[in-house]
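Asks: Handing over data.cif, mmCIF, C-alpha atoms.
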```
data_start
#
loop_
_atom_site.label_atom_id
_atom_site.label_comp_id
_atom_site.auth_asym_id
_atom_site.auth_seq_id
_atom_site.Cartn_x
_atom_site.Cartn_y
_atom_site.Cartn_z
CA MET H 1 79.45 138.02 118.82
CA THR H 2 83.04 137.02 118.08
CA LEU H 3 84.07 133.72 116.60
CA PHE H 4 86.97 133.16 119.03
CA GLN H 5 87.34 134.12 122.69
CA GLN H 6 90.27 134.28 125.12
CA LYS H 7 89.04 131.69 127.61
CA ILE H 8 90.49 128.17 127.95
CA ASN H 9 87.97 125.38 128.38
CA PHE H 10 89.87 122.90 130.54
CA SER H 11 87.28 120.11 130.28
CA GLN H 12 87.61 120.11 126.48
CA LEU H 13 91.39 120.39 126.68
CA ILE H 14 91.73 117.50 129.16
CA THR H 15 89.29 115.35 127.18
CA GLY H 16 91.42 115.90 124.08
CA LEU H 17 94.64 115.02 125.89
CA VAL H 18 93.14 111.83 127.37
CA ILE H 19 91.88 110.73 123.94
CA LEU H 20 95.25 111.58 122.35
CA PHE H 21 97.03 109.44 124.95
CA SER H 22 94.61 106.54 124.36
CA GLY H 23 95.37 106.71 120.64
CA ALA H 24 99.10 106.73 121.38
CA LEU H 25 98.65 103.44 123.25
CA VAL H 26 97.99 101.73 119.90
CA TYR H 27 101.51 102.69 118.79
CA ILE H 28 103.12 101.88 122.13
CA VAL H 29 101.50 98.45 122.61
CA ASP H 30 100.26 97.09 119.27
CA ARG H 31 102.72 98.30 116.63
CA PRO H 32 106.41 97.66 116.02
CA PRO H 33 108.44 100.64 117.31
CA GLU H 34 110.19 101.25 113.98
CA GLN H 35 106.80 102.21 112.48
CA THR H 36 106.37 105.19 114.79
CA LEU H 37 108.68 108.18 115.14
CA PHE H 38 107.86 109.09 118.75
CA VAL H 39 108.24 105.46 119.89
CA ASN H 40 111.36 104.55 117.92
CA ASN H 41 113.30 107.83 118.19
CA GLY H 42 112.05 109.13 121.51
CA ILE H 43 114.23 109.93 124.50
CA LEU H 44 112.54 107.11 126.41
CA LYS H 45 112.17 103.70 124.82
CA ILE H 46 108.47 103.25 125.53
CA SER H 47 107.52 100.42 123.20
CA LEU H 48 105.57 97.58 124.79
CA TYR H 49 105.15 95.80 121.47
CA GLN H 50 105.24 92.02 122.02
CA THR H 51 105.65 92.67 125.76
CA LEU H 52 101.91 93.03 126.35
CA PRO H 53 99.21 91.23 124.39
CA ASN H 54 97.67 93.11 121.47
CA LEU H 55 95.11 95.38 123.18
CA PHE H 56 93.16 96.77 120.26
CA GLY H 57 93.01 93.98 117.67
CA THR H 58 91.74 95.02 114.25
CA LEU H 59 90.20 98.15 115.80
CA GLY H 60 93.77 99.35 116.24
CA ASN H 61 94.15 99.66 112.48
CA SER H 62 91.90 102.75 112.29
CA LEU H 63 91.61 103.82 115.93
CA PRO H 64 94.56 106.25 115.71
CA ASP H 65 92.81 108.08 112.86
CA PHE H 66 89.69 108.47 114.99
CA THR H 67 91.55 109.50 118.14
CA HIS H 68 93.93 111.90 116.39
CA VAL H 69 91.25 114.01 114.77
CA PHE H 70 88.94 113.79 117.81
CA ALA H 71 91.74 114.79 120.19
CA PHE H 72 93.05 117.68 118.12
CA ILE H 73 89.56 119.10 117.63
CA MET H 74 88.98 118.94 121.39
CA ILE H 75 92.40 120.42 122.22
CA THR H 76 92.01 123.23 119.70
CA ALA H 77 88.46 123.97 120.84
CA GLY H 78 89.59 123.94 124.47
CA LEU H 79 92.45 126.35 123.84
CA ILE H 80 90.51 128.73 121.61
CA SER H 81 87.05 128.52 123.18
CA CYS H 82 84.63 129.67 120.52
CA SER H 83 81.10 130.03 119.35
CA SER H 84 79.22 127.25 117.59
CA LYS H 85 80.45 128.52 114.21
CA GLY H 86 84.01 128.43 115.49
CA TYR H 87 83.59 124.80 116.54
CA ILE H 88 82.29 123.95 113.06
CA LEU H 89 85.35 125.65 111.56
CA ILE H 90 87.77 123.84 113.90
CA SER H 91 86.12 120.46 113.23
CA THR H 92 86.08 121.02 109.48
CA LEU H 93 89.70 122.16 109.28
CA TRP H 94 90.95 119.19 111.29
CA PHE H 95 88.80 116.83 109.19
CA ILE H 96 90.35 118.28 106.02
CA THR H 97 93.89 118.15 107.44
CA ASP H 98 93.68 114.52 108.58
CA SER H 99 91.90 113.49 105.37
CA LEU H 100 94.60 115.09 103.23
CA PHE H 101 97.27 113.21 105.16
CA GLU H 102 95.38 109.95 104.62
CA ILE H 103 94.86 110.65 100.91
CA GLY H 104 98.52 111.66 100.68
CA GLN H 105 99.41 108.06 101.53
CA LYS H 106 97.57 106.92 98.39
CA PHE H 107 99.47 109.44 96.25
CA SER H 108 102.74 109.28 98.16
CA THR H 109 105.02 110.46 95.35
CA THR H 110 102.99 113.63 94.77
CA ALA H 111 102.53 114.24 98.50
CA THR H 112 106.26 113.87 99.13
CA GLU H 113 107.09 116.30 96.32
CA LEU H 114 104.79 118.92 97.88
CA ILE H 115 106.65 118.92 101.21
CA PRO H 116 108.70 122.11 101.57
CA GLY H 117 112.45 121.71 102.00
CA TRP H 118 112.50 123.59 105.31
CA PHE H 119 110.55 120.72 106.94
CA HIS H 120 113.87 118.84 107.18
CA SER H 121 115.24 121.40 109.64
CA ILE H 122 112.39 120.92 112.14
CA PRO H 123 112.68 117.70 114.19
CA PHE H 124 109.00 116.71 114.30
CA LEU H 125 108.40 117.64 110.63
CA LYS H 126 111.50 116.12 109.03
CA ASN H 127 109.92 112.66 108.93
CA THR H 128 106.83 113.80 107.02
CA PRO H 129 108.07 112.16 103.78
CA PHE H 130 108.49 108.88 105.69
CA PHE H 131 104.82 109.09 106.74
CA PHE H 132 103.66 109.28 103.13
CA GLN H 133 106.18 106.76 101.76
CA THR H 134 105.50 104.03 104.32
CA GLY H 135 101.85 104.70 105.16
CA THR H 136 98.97 102.77 103.67
CA PHE H 137 95.82 104.45 102.42
CA ASP H 138 92.63 102.88 103.79
CA TRP H 139 89.00 103.88 103.25
CA LEU H 140 88.28 102.74 106.81
CA ASP H 141 90.80 105.31 108.04
CA LEU H 142 88.89 108.03 106.16
CA ALA H 143 85.67 106.77 107.75
CA ALA H 144 87.38 106.90 111.17
CA ILE H 145 88.48 110.49 110.49
CA LEU H 146 84.93 111.48 109.54
CA THR H 147 83.49 109.69 112.58
CA GLY H 148 86.08 111.25 114.89
CA SER H 149 85.38 114.74 113.52
CA VAL H 150 81.62 114.46 113.93
CA SER H 151 81.97 112.80 117.35
CA ALA H 152 84.25 115.56 118.62
CA TYR H 153 81.90 118.26 117.35
CA LEU H 154 78.94 116.58 119.07
CA THR H 155 80.98 116.07 122.25
CA ILE H 156 81.79 119.78 122.35
CA HIS H 157 78.09 120.61 122.16
CA ILE H 158 77.15 118.08 124.83
CA MET H 159 79.87 119.44 127.12
CA ALA H 160 78.74 123.01 126.44
CA GLN H 161 75.17 122.14 127.44
CA LYS H 162 76.35 120.55 130.70
CA GLU H 163 78.57 123.53 131.53
CA LYS H 164 75.78 126.10 131.18
CA PRO H 165 74.55 127.29 134.56
CA LEU H 166 71.05 126.21 135.49
CA LYS H 167 68.45 128.98 135.73
#
```
I need this file expressed as structure tokens, please.

Replies:
Amino acid sequence: MTLFQQKINFSQLITGLVILFSGALVYIVDRPPEQTLFVNNGILKISLYQTLPNLFGTLGNSLPDFTHVFAFIMITAGLISCSSKGYILISTLWFITDSLFEIGQKFSTTATELIPGWFHSIPFLKNTPFFFQTGTFDWLDLAAILTGSVSAYLTIHIMAQKEKPLK
């Protein structure tokens, strides 16, 4: 049995994209545009900040951490389509990645020094130092990352059970 297969699971992929979009709504509606690269520097000015009422309240403080890790686990799992061990690996690696970014906000000077110079030549990576320098570490964000990782892993298994043909 191989860890990774060549089949795309569209239900996982679409679930991940929907969750990713819902997390992006926090930045579009509830946060000032200058705090978010894709809102402030995007081709389209999509900020609805102070145009619509705050949709997410205090939940919006950590919701992006939950949705980001959940969505990227689902998208990765959908694109790779793997065995149970592969899903554990995907969930664990995304948990570690998101957690390191959150912890990097606590130790912003060190995190910024670790960023390779070539990041500045890639448009969506060049603002990585800004993320660490202006971000705020929060234990609730780490809890949201853990919850999102576990929730995505469980969702994958629930979806896999529903997709199995009945005998």

Asks: Which residues, named as in the file, does the PyMOL selection byres ((chain H and resi 60-72) around 8) pick out? Answer as number ranges by chain.

Replies: H: 15-20, 22-24, 26, 30, 56-59, 73-76, 94-95, 98, 140-142, 144-149, 151-152

Asks: Within 9 Å of Thr112 (chain H), counting only C-alpha atoms, which residues qualify if same-chain residues fewer than 6 places away don't, as a ChimeraX atom specification?

Replies: /H:104,128-130,132-133

Asks: Can I get the selected residues back with C-alpha atoms, as a tab-separated table (two decimals), keeping the file's coordinate frame?

Replies:
```tsv
chain	number	residue	atom	x	y	z
H	104	GLY	CA	98.52	111.66	100.68
H	128	THR	CA	106.83	113.80	107.02
H	129	PRO	CA	108.07	112.16	103.78
H	130	PHE	CA	108.49	108.88	105.69
H	132	PHE	CA	103.66	109.28	103.13
H	133	GLN	CA	106.18	106.76	101.76
```

Asks: For the file shown, what are the residues hit by the PyMOL selection byres ((chain H and resi 8) around 8), laid out as a list in words?

Replies: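 For this structure, the PyMOL selection byres ((chain H and resi 8) around 8) resolves to Gln6, Lys7, Asn9, Phe10, Leu13, Gly78, Leu79, Ile80 and Ser81 of chain H.
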
Asks: Set the distance at 12 Å and use all atoms listed in the file: which residues neighbour Thr51 (chain H) once local chain neighbours fewer than 2 positions away are removed? I'd like the list as a list in words.

Replies: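 Residues meeting the cut-off are Ile28, Val29, Asp30, Arg31, Pro32, Pro33, Ile46, Ser47, Leu48, Tyr49, Pro53, Asn54 and Leu55 of chain H.
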
Asks: May I ask for the distance between CA of Leu125 (chain H) and CA of Phe101 (chain H), given in Å to one decimal place?

Replies: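 Taking CA of Leu125 (chain H) as the start and CA of Phe101 (chain H) as the end point, the length is 13.2 Å.
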
Asks: Quick one: pull the distance between CA of Tyr87 (chain H) and CA of Thr155 (chain H), Å, one decimal.

Replies: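 Separation of CA of Tyr87 (chain H) and CA of Thr155 (chain H): 10.8 Å.
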